[in-house]
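Heads up, the thing below is written out as structure tokens.
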Amino acid sequence: MEPRILGNGRLIECKNRQVTESAVQSLADAYLAEMAQLEPCQASRMSIAGSERDLTDYSPIGCDARASLLRQTKSSLAALPGNDDPVTAALLAERVNALLAQYDGGEMIGRLGVINGPVAAVRSSFDNMPKSTNDDIDVVVERLSKVPAALASIRSGISAALDASRPPVIRQVEATIQQCTTWAGEPGSAGWFASLAGLRTDIAPLAEAAGAAMGELGRWLSTDIAPHAITRDAVGPDVYKRAAAMMLGTELDPQDAYDWAWNDLHDLEDQIRTTIELIQPGASLVQTKAFLDDSTAIAGADAWREWLQQITDRTTVQMQGTYFDIDPSILECQAMLPPAGVAAAPYYSPPSEDLRDRAG
């Protein structure tokens, strides 16, 4: 019997037995559902349903709303019995506190970044949306119509950060400008959003408006923000520690981490040297890389995708039943080529919450 939630309450039926959901689990579910409404782009990344028609508000108002939810959840969690569900309580507290620390530190307003930045989040929110039926396309249309407002909210957030004497770093600004330029395309072309225009005839004007808004954001970043951006990438130990806690789920000593990383780097360099001697004795790293590029390079996007799919399928077979028990519904991972403008790094899009819609 498949697990399911009965009614509006917390009774879950699973494999012919009934388990009452704890108050902490109910709070965690409520927090996740409301956060998905306040941050639809992140919900899309996590394949959480319910906010597909919307986009995240990156303005100070949107940031304040998410910070308020975190504070409410923290307060509600503190009021629950400590022995209700200690594991879930600890996990929820860690996530809420780590994220709230970044909001309270002023680090969530006006953020930029080519991988997890807001501009990339708005564009990528369309990647895994169902587009098979007219109803699916209606949802795409509604979200697409909100792209200009979402990009305007990014602009509002950056302006607020600048007013608070928290200017962005020039490298992040320049990289985001490049993304905007790539995804905007030529004036009137709709840029990347033209790929959605083919779904239905009424989408073209919305796609053009989205592309134009993307281009305008890039120009504004270039003329109004880049001159005020700072050149120093370093953020300092406090910001670093908060970001590390958010990424790793634990407190980190930056100095210890750096000491470990340098030692590990030296070990990796020794391994690289050993490997080079097996491939081209006496050659440099640059020479060996050029040799491998010439002898093993894959020509063409389709050939690359096919090779990547073979690697993925073979690895899945090797992992399944040996290192992991992968649910059959997500056993297949589809290798795909990302659109131009995306950071040059592999990434994975999870399936839907019910595991029915697969991603890769």
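Residue numbering restarts at 1 for every chain of the structure tokens, chains are lettered A, B, ... in their displayed order, and ligands are numbered from 1 as they appear.
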Practice task
Would you kindly return, as an MDAnalysis selection string, each protein, DNA or RNA residue with an atom no farther than 6 Å from any atom of Ile170 in chain A, considering only C-alpha atoms and excluding same-chain residues fewer than 6 positions away?
Solution key: chainID A and resid 229:231
Handout entry: helix (DSSP H, G or I) call set, DSSP backbone run, range 45-178 of chain A, as a PyMOL selection string
Key = chain A and resi 45+60-78+86-104+118-124+134-145+147-163+170-178
Give me, as a Markdown table, each residue of range 181-249 of chain A that comes within 12 Å of range 324-340 of chain A, together with its shortest interatomic pair and the distance in Å at one decimal, counting only C-alpha atoms, with rows ordered by chain and rising residue number.
```
| residue | atom | partner | partner_atom | distance |
| --- | --- | --- | --- | --- |
| A:Thr181 | CA | A:Ala340 | CA | 10.7 |
| A:Thr182 | CA | A:Ala340 | CA | 7.0 |
| A:Trp183 | CA | A:Ala340 | CA | 7.6 |
| A:Ala184 | CA | A:Ala340 | CA | 11.1 |
| A:Gly185 | CA | A:Ala340 | CA | 10.7 |
| A:Gly191 | CA | A:Ala340 | CA | 10.5 |
| A:Trp192 | CA | A:Pro339 | CA | 8.1 |
| A:Phe193 | CA | A:Pro339 | CA | 10.9 |
| A:Ser195 | CA | A:Pro339 | CA | 10.3 |
```
Practice task
Name the residues in contact with Ala78 in chain A at a cut-off of 12 Å, using only C-alpha atoms, excluding same-chain residues fewer than 3 positions from it; report them as JSON, numbers by chain.
Solution key: {"A": [23, 24, 27, 71, 72, 73, 74, 75, 81, 82, 83, 84, 86, 89, 90, 92, 93, 96, 97]}
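Reported to one decimal place, the separation of CA of Gly106 in chain A from CA of Gly249 in chain A is 19.6 Å.
These are the residues of range 134-359 of chain A assigned strand (DSSP E or B) by DSSP from backbone coordinates: Val169, Ile230, Gln320 and Phe324 of chain A.
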Could you please take those selected residues and save N, CA, C and O atoms as a PDB file, in the first residue's frame?
```pdb
ATOM      1  N   VAL A 169      30.171  41.971  -5.532  1.00  0.00           N
ATOM      2  CA  VAL A 169      31.531  41.780  -6.040  1.00  0.00           C
ATOM      3  C   VAL A 169      31.504  41.867  -7.559  1.00  0.00           C
ATOM      4  O   VAL A 169      30.601  41.320  -8.211  1.00  0.00           O
ATOM      5  N   ILE A 230      32.600  46.000  -5.757  1.00  0.00           N
ATOM      6  CA  ILE A 230      33.927  45.903  -5.151  1.00  0.00           C
ATOM      7  C   ILE A 230      34.737  44.818  -5.867  1.00  0.00           C
ATOM      8  O   ILE A 230      34.182  43.900  -6.470  1.00  0.00           O
ATOM      9  N   GLN A 320      23.549   0.310  -7.927  1.00  0.00           N
ATOM     10  CA  GLN A 320      22.288  -0.277  -7.486  1.00  0.00           C
ATOM     11  C   GLN A 320      22.493  -1.640  -6.836  1.00  0.00           C
ATOM     12  O   GLN A 320      23.090  -2.548  -7.405  1.00  0.00           O
ATOM     13  N   PHE A 324      23.806   1.426  -2.915  1.00  0.00           N
ATOM     14  CA  PHE A 324      22.520   2.076  -2.659  1.00  0.00           C
ATOM     15  C   PHE A 324      21.390   1.165  -3.130  1.00  0.00           C
ATOM     16  O   PHE A 324      21.583   0.334  -4.019  1.00  0.00           O
TER      17      PHE A 324
END
```
Once you count only C-alpha atoms, what closest atom pair and distance in Å to one decimal does each residue of range 175-280 of chain A within 12 Å of range 119-143 of chain A have, with rows by chain and rising residue number, as JSON lines?
```
{"residue": "A:Ala175", "atom": "CA", "partner": "A:Val119", "partner_atom": "CA", "distance": 10.8}
{"residue": "A:Thr176", "atom": "CA", "partner": "A:Val119", "partner_atom": "CA", "distance": 7.4}
{"residue": "A:Ile177", "atom": "CA", "partner": "A:Val119", "partner_atom": "CA", "distance": 9.7}
{"residue": "A:Gln178", "atom": "CA", "partner": "A:Val119", "partner_atom": "CA", "distance": 11.0}
{"residue": "A:Gln179", "atom": "CA", "partner": "A:Ala120", "partner_atom": "CA", "distance": 7.9}
{"residue": "A:Cys180", "atom": "CA", "partner": "A:Val119", "partner_atom": "CA", "distance": 7.7}
{"residue": "A:Thr181", "atom": "CA", "partner": "A:Val119", "partner_atom": "CA", "distance": 11.4}
{"residue": "A:Thr182", "atom": "CA", "partner": "A:Arg123", "partner_atom": "CA", "distance": 11.5}
{"residue": "A:Trp183", "atom": "CA", "partner": "A:Arg123", "partner_atom": "CA", "distance": 8.4}
{"residue": "A:Ala184", "atom": "CA", "partner": "A:Arg123", "partner_atom": "CA", "distance": 10.6}
{"residue": "A:Gly191", "atom": "CA", "partner": "A:Arg123", "partner_atom": "CA", "distance": 11.2}
{"residue": "A:Trp192", "atom": "CA", "partner": "A:Arg123", "partner_atom": "CA", "distance": 8.6}
{"residue": "A:Phe193", "atom": "CA", "partner": "A:Arg123", "partner_atom": "CA", "distance": 8.4}
{"residue": "A:Ser195", "atom": "CA", "partner": "A:Phe126", "partner_atom": "CA", "distance": 10.4}
{"residue": "A:Leu196", "atom": "CA", "partner": "A:Val140", "partner_atom": "CA", "distance": 8.4}
{"residue": "A:Ala197", "atom": "CA", "partner": "A:Val141", "partner_atom": "CA", "distance": 9.5}
{"residue": "A:Gly198", "atom": "CA", "partner": "A:Ile137", "partner_atom": "CA", "distance": 10.7}
{"residue": "A:Leu199", "atom": "CA", "partner": "A:Ile137", "partner_atom": "CA", "distance": 7.2}
{"residue": "A:Arg200", "atom": "CA", "partner": "A:Ile137", "partner_atom": "CA", "distance": 7.8}
{"residue": "A:Thr201", "atom": "CA", "partner": "A:Val141", "partner_atom": "CA", "distance": 11.0}
{"residue": "A:Asp202", "atom": "CA", "partner": "A:Val141", "partner_atom": "CA", "distance": 8.6}
{"residue": "A:Ile203", "atom": "CA", "partner": "A:Val141", "partner_atom": "CA", "distance": 6.6}
{"residue": "A:Ala204", "atom": "CA", "partner": "A:Val141", "partner_atom": "CA", "distance": 10.0}
{"residue": "A:Pro205", "atom": "CA", "partner": "A:Val141", "partner_atom": "CA", "distance": 10.5}
{"residue": "A:Leu206", "atom": "CA", "partner": "A:Val141", "partner_atom": "CA", "distance": 7.7}
{"residue": "A:Ala207", "atom": "CA", "partner": "A:Val141", "partner_atom": "CA", "distance": 9.1}
{"residue": "A:Ala210", "atom": "CA", "partner": "A:Arg123", "partner_atom": "CA", "distance": 9.8}
{"residue": "A:Gly211", "atom": "CA", "partner": "A:Arg123", "partner_atom": "CA", "distance": 10.3}
{"residue": "A:Ala213", "atom": "CA", "partner": "A:Val119", "partner_atom": "CA", "distance": 11.2}
{"residue": "A:Met214", "atom": "CA", "partner": "A:Val119", "partner_atom": "CA", "distance": 8.5}
{"residue": "A:Gly215", "atom": "CA", "partner": "A:Val119", "partner_atom": "CA", "distance": 11.4}
{"residue": "A:Leu217", "atom": "CA", "partner": "A:Val119", "partner_atom": "CA", "distance": 9.4}
{"residue": "A:Gly218", "atom": "CA", "partner": "A:Val119", "partner_atom": "CA", "distance": 10.0}
{"residue": "A:Leu221", "atom": "CA", "partner": "A:Val119", "partner_atom": "CA", "distance": 11.9}
```
Could you please take those selected residues and save N, CA, C and O atoms as a CSV table (one decimal), in the first residue's frame?
```csv
chain,number,residue,atom,x,y,z
A,175,ALA,N,29.6,38.3,-14.4
A,175,ALA,CA,29.1,37.0,-14.8
A,175,ALA,C,27.6,37.1,-14.9
A,175,ALA,O,27.1,36.4,-15.9
A,176,THR,N,26.9,37.8,-14.1
A,176,THR,CA,25.5,37.9,-14.2
A,176,THR,C,25.1,38.7,-15.4
A,176,THR,O,24.1,38.4,-16.1
A,177,ILE,N,25.8,39.7,-15.7
A,177,ILE,CA,25.6,40.5,-16.9
A,177,ILE,C,25.7,39.6,-18.2
A,177,ILE,O,24.9,39.7,-19.1
A,178,GLN,N,26.7,38.8,-18.2
A,178,GLN,CA,26.9,37.8,-19.3
A,178,GLN,C,25.7,36.9,-19.4
A,178,GLN,O,25.2,36.6,-20.5
A,179,GLN,N,25.2,36.4,-18.3
A,179,GLN,CA,24.0,35.5,-18.3
A,179,GLN,C,22.8,36.3,-18.9
A,179,GLN,O,22.1,35.8,-19.7
A,180,CYS,N,22.6,37.5,-18.4
A,180,CYS,CA,21.5,38.3,-18.9
A,180,CYS,C,21.6,38.5,-20.4
A,180,CYS,O,20.6,38.4,-21.1
A,181,THR,N,22.8,38.8,-20.9
A,181,THR,CA,23.0,39.1,-22.3
A,181,THR,C,22.7,37.8,-23.1
A,181,THR,O,22.1,37.9,-24.2
A,182,THR,N,23.2,36.7,-22.6
A,182,THR,CA,23.0,35.5,-23.4
A,182,THR,C,21.6,35.1,-23.4
A,182,THR,O,21.1,34.7,-24.5
A,183,TRP,N,20.9,35.1,-22.3
A,183,TRP,CA,19.5,34.7,-22.2
A,183,TRP,C,18.5,35.7,-22.8
A,183,TRP,O,17.4,35.3,-23.3
A,184,ALA,N,18.9,37.0,-22.9
A,184,ALA,CA,18.1,38.0,-23.6
A,184,ALA,C,18.1,37.9,-25.1
A,184,ALA,O,17.1,38.1,-25.8
A,191,GLY,N,15.2,35.8,-26.9
A,191,GLY,CA,16.3,35.1,-26.4
A,191,GLY,C,16.0,33.6,-26.0
A,191,GLY,O,15.4,32.9,-26.8
A,192,TRP,N,16.5,33.2,-24.8
A,192,TRP,CA,16.2,31.8,-24.4
A,192,TRP,C,14.7,31.6,-24.3
A,192,TRP,O,14.3,30.4,-24.5
A,193,PHE,N,13.9,32.5,-23.9
A,193,PHE,CA,12.5,32.3,-23.7
A,193,PHE,C,11.8,32.0,-25.0
A,193,PHE,O,10.6,31.6,-25.0
A,195,SER,N,12.4,29.5,-26.7
A,195,SER,CA,12.2,28.1,-26.7
A,195,SER,C,10.8,27.7,-26.1
A,195,SER,O,10.3,26.6,-26.3
A,196,LEU,N,10.2,28.6,-25.3
A,196,LEU,CA,8.9,28.4,-24.8
A,196,LEU,C,7.8,28.9,-25.7
A,196,LEU,O,6.7,28.4,-25.7
A,197,ALA,N,8.2,29.8,-26.6
A,197,ALA,CA,7.2,30.4,-27.5
A,197,ALA,C,6.6,29.3,-28.5
A,197,ALA,O,5.4,29.4,-28.9
A,198,GLY,N,7.3,28.3,-28.7
A,198,GLY,CA,6.8,27.2,-29.6
A,198,GLY,C,5.8,26.3,-29.0
A,198,GLY,O,5.1,25.5,-29.8
A,199,LEU,N,5.5,26.5,-27.8
A,199,LEU,CA,4.5,25.7,-27.1
A,199,LEU,C,3.1,26.0,-27.6
A,199,LEU,O,2.2,25.1,-27.7
A,200,ARG,N,2.9,27.3,-27.8
A,200,ARG,CA,1.5,27.8,-28.2
A,200,ARG,C,1.7,29.2,-28.8
A,200,ARG,O,2.5,30.0,-28.4
A,201,THR,N,0.8,29.6,-29.6
A,201,THR,CA,0.9,30.8,-30.4
A,201,THR,C,0.8,32.0,-29.4
A,201,THR,O,1.4,33.1,-29.7
A,202,ASP,N,0.1,31.9,-28.3
A,202,ASP,CA,-0.2,33.1,-27.5
A,202,ASP,C,1.0,33.4,-26.6
A,202,ASP,O,1.0,34.3,-25.8
A,203,ILE,N,2.1,32.6,-26.6
A,203,ILE,CA,3.2,32.7,-25.7
A,203,ILE,C,4.2,33.7,-26.2
A,203,ILE,O,4.9,34.3,-25.4
A,204,ALA,N,4.3,33.9,-27.5
A,204,ALA,CA,5.4,34.7,-28.1
A,204,ALA,C,5.5,36.1,-27.5
A,204,ALA,O,6.6,36.5,-27.2
A,205,PRO,N,4.4,36.9,-27.3
A,205,PRO,CA,4.5,38.2,-26.7
A,205,PRO,C,5.1,38.2,-25.3
A,205,PRO,O,5.9,39.0,-24.9
A,206,LEU,N,4.7,37.1,-24.5
A,206,LEU,CA,5.2,37.0,-23.2
A,206,LEU,C,6.7,36.7,-23.2
A,206,LEU,O,7.5,37.1,-22.3
A,207,ALA,N,7.1,35.8,-24.1
A,207,ALA,CA,8.5,35.4,-24.2
A,207,ALA,C,9.3,36.6,-24.6
A,207,ALA,O,10.4,36.8,-24.1
A,210,ALA,N,9.7,38.8,-21.6
A,210,ALA,CA,10.7,38.2,-20.6
A,210,ALA,C,12.1,38.4,-21.1
A,210,ALA,O,13.0,38.8,-20.3
A,211,GLY,N,12.4,38.2,-22.4
A,211,GLY,CA,13.7,38.4,-23.0
A,211,GLY,C,14.1,39.9,-22.9
A,211,GLY,O,15.3,40.2,-22.5
A,213,ALA,N,13.1,42.1,-20.6
A,213,ALA,CA,13.3,42.4,-19.2
A,213,ALA,C,14.7,41.8,-18.8
A,213,ALA,O,15.4,42.5,-18.0
A,214,MET,N,15.1,40.7,-19.3
A,214,MET,CA,16.4,40.1,-19.0
A,214,MET,C,17.5,41.0,-19.6
A,214,MET,O,18.5,41.3,-18.9
A,215,GLY,N,17.3,41.5,-20.8
A,215,GLY,CA,18.3,42.4,-21.4
A,215,GLY,C,18.4,43.7,-20.6
A,215,GLY,O,19.5,44.2,-20.4
A,217,LEU,N,17.8,44.2,-17.4
A,217,LEU,CA,18.5,44.0,-16.2
A,217,LEU,C,20.0,43.9,-16.4
A,217,LEU,O,20.8,44.5,-15.6
A,218,GLY,N,20.4,43.3,-17.4
A,218,GLY,CA,21.9,43.2,-17.7
A,218,GLY,C,22.4,44.6,-18.0
A,218,GLY,O,23.5,44.9,-17.5
A,221,LEU,N,22.7,46.5,-14.7
A,221,LEU,CA,23.8,46.0,-13.9
A,221,LEU,C,25.1,46.6,-14.4
A,221,LEU,O,26.0,47.0,-13.6
```
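Considering only C-alpha atoms, the residue among A:Gln102, A:Asn116, A:Gln271, A:Gln280 positioned nearest to Arg242 in chain A is A:Gln102.
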Problem - Residue nearest Thr56 in chain A - candidates A:Thr312, A:Ser349, A:Thr322, A:Ser44, atoms counted: only C-alpha atoms - result: A:Ser44
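Close contacts of Ala101 in chain A, defined as residues with an atom at most 10 Å away when counting only C-alpha atoms, with chain neighbours fewer than 3 positions off set aside, comprise Ala67, Leu70, Val96, Asn97, Ala98, Asp104, Gly105, Gly106, Glu107, Met108, Val239, Arg242, Ala243, Ala245 and Met246 of chain A.
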Completion exercise
In terms of only C-alpha atoms, the residue from A:Val87, A:Ala299, A:Leu151, A:Ser159 at minimal distance from Ala212 in chain A is A:Leu151
Handout entry: Residues near Gln255 in chain A, cut-off 12 Å, only C-alpha atoms, skip fewer than 4 positions along chain, as JSON, numbers by chain
Key = {"A": [236, 237, 240, 241, 259, 260, 261, 262]}
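Across the model, the gap from CA of Cys63 in chain A to CA of Ser222 in chain A is 24.0 Å.
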Practice task
Write out as a count of residues only the residues lying within 12 Å of Lys289 in chain A, counting only C-alpha atoms and excluding same-chain residues fewer than 4 positions away.
Solution key: 13
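Here the question is which of A:Ala150, A:Ala244, A:Ala194, A:Leu91 gets nearest to Ala257 in chain A using only C-alpha atoms, and that residue is A:Ala244.
Of the listed residues (A:Gln42, A:Tyr323, A:Ser189, A:Glu277), A:Gln42 comes nearest to Asp54 in chain A; the distances count only C-alpha atoms.
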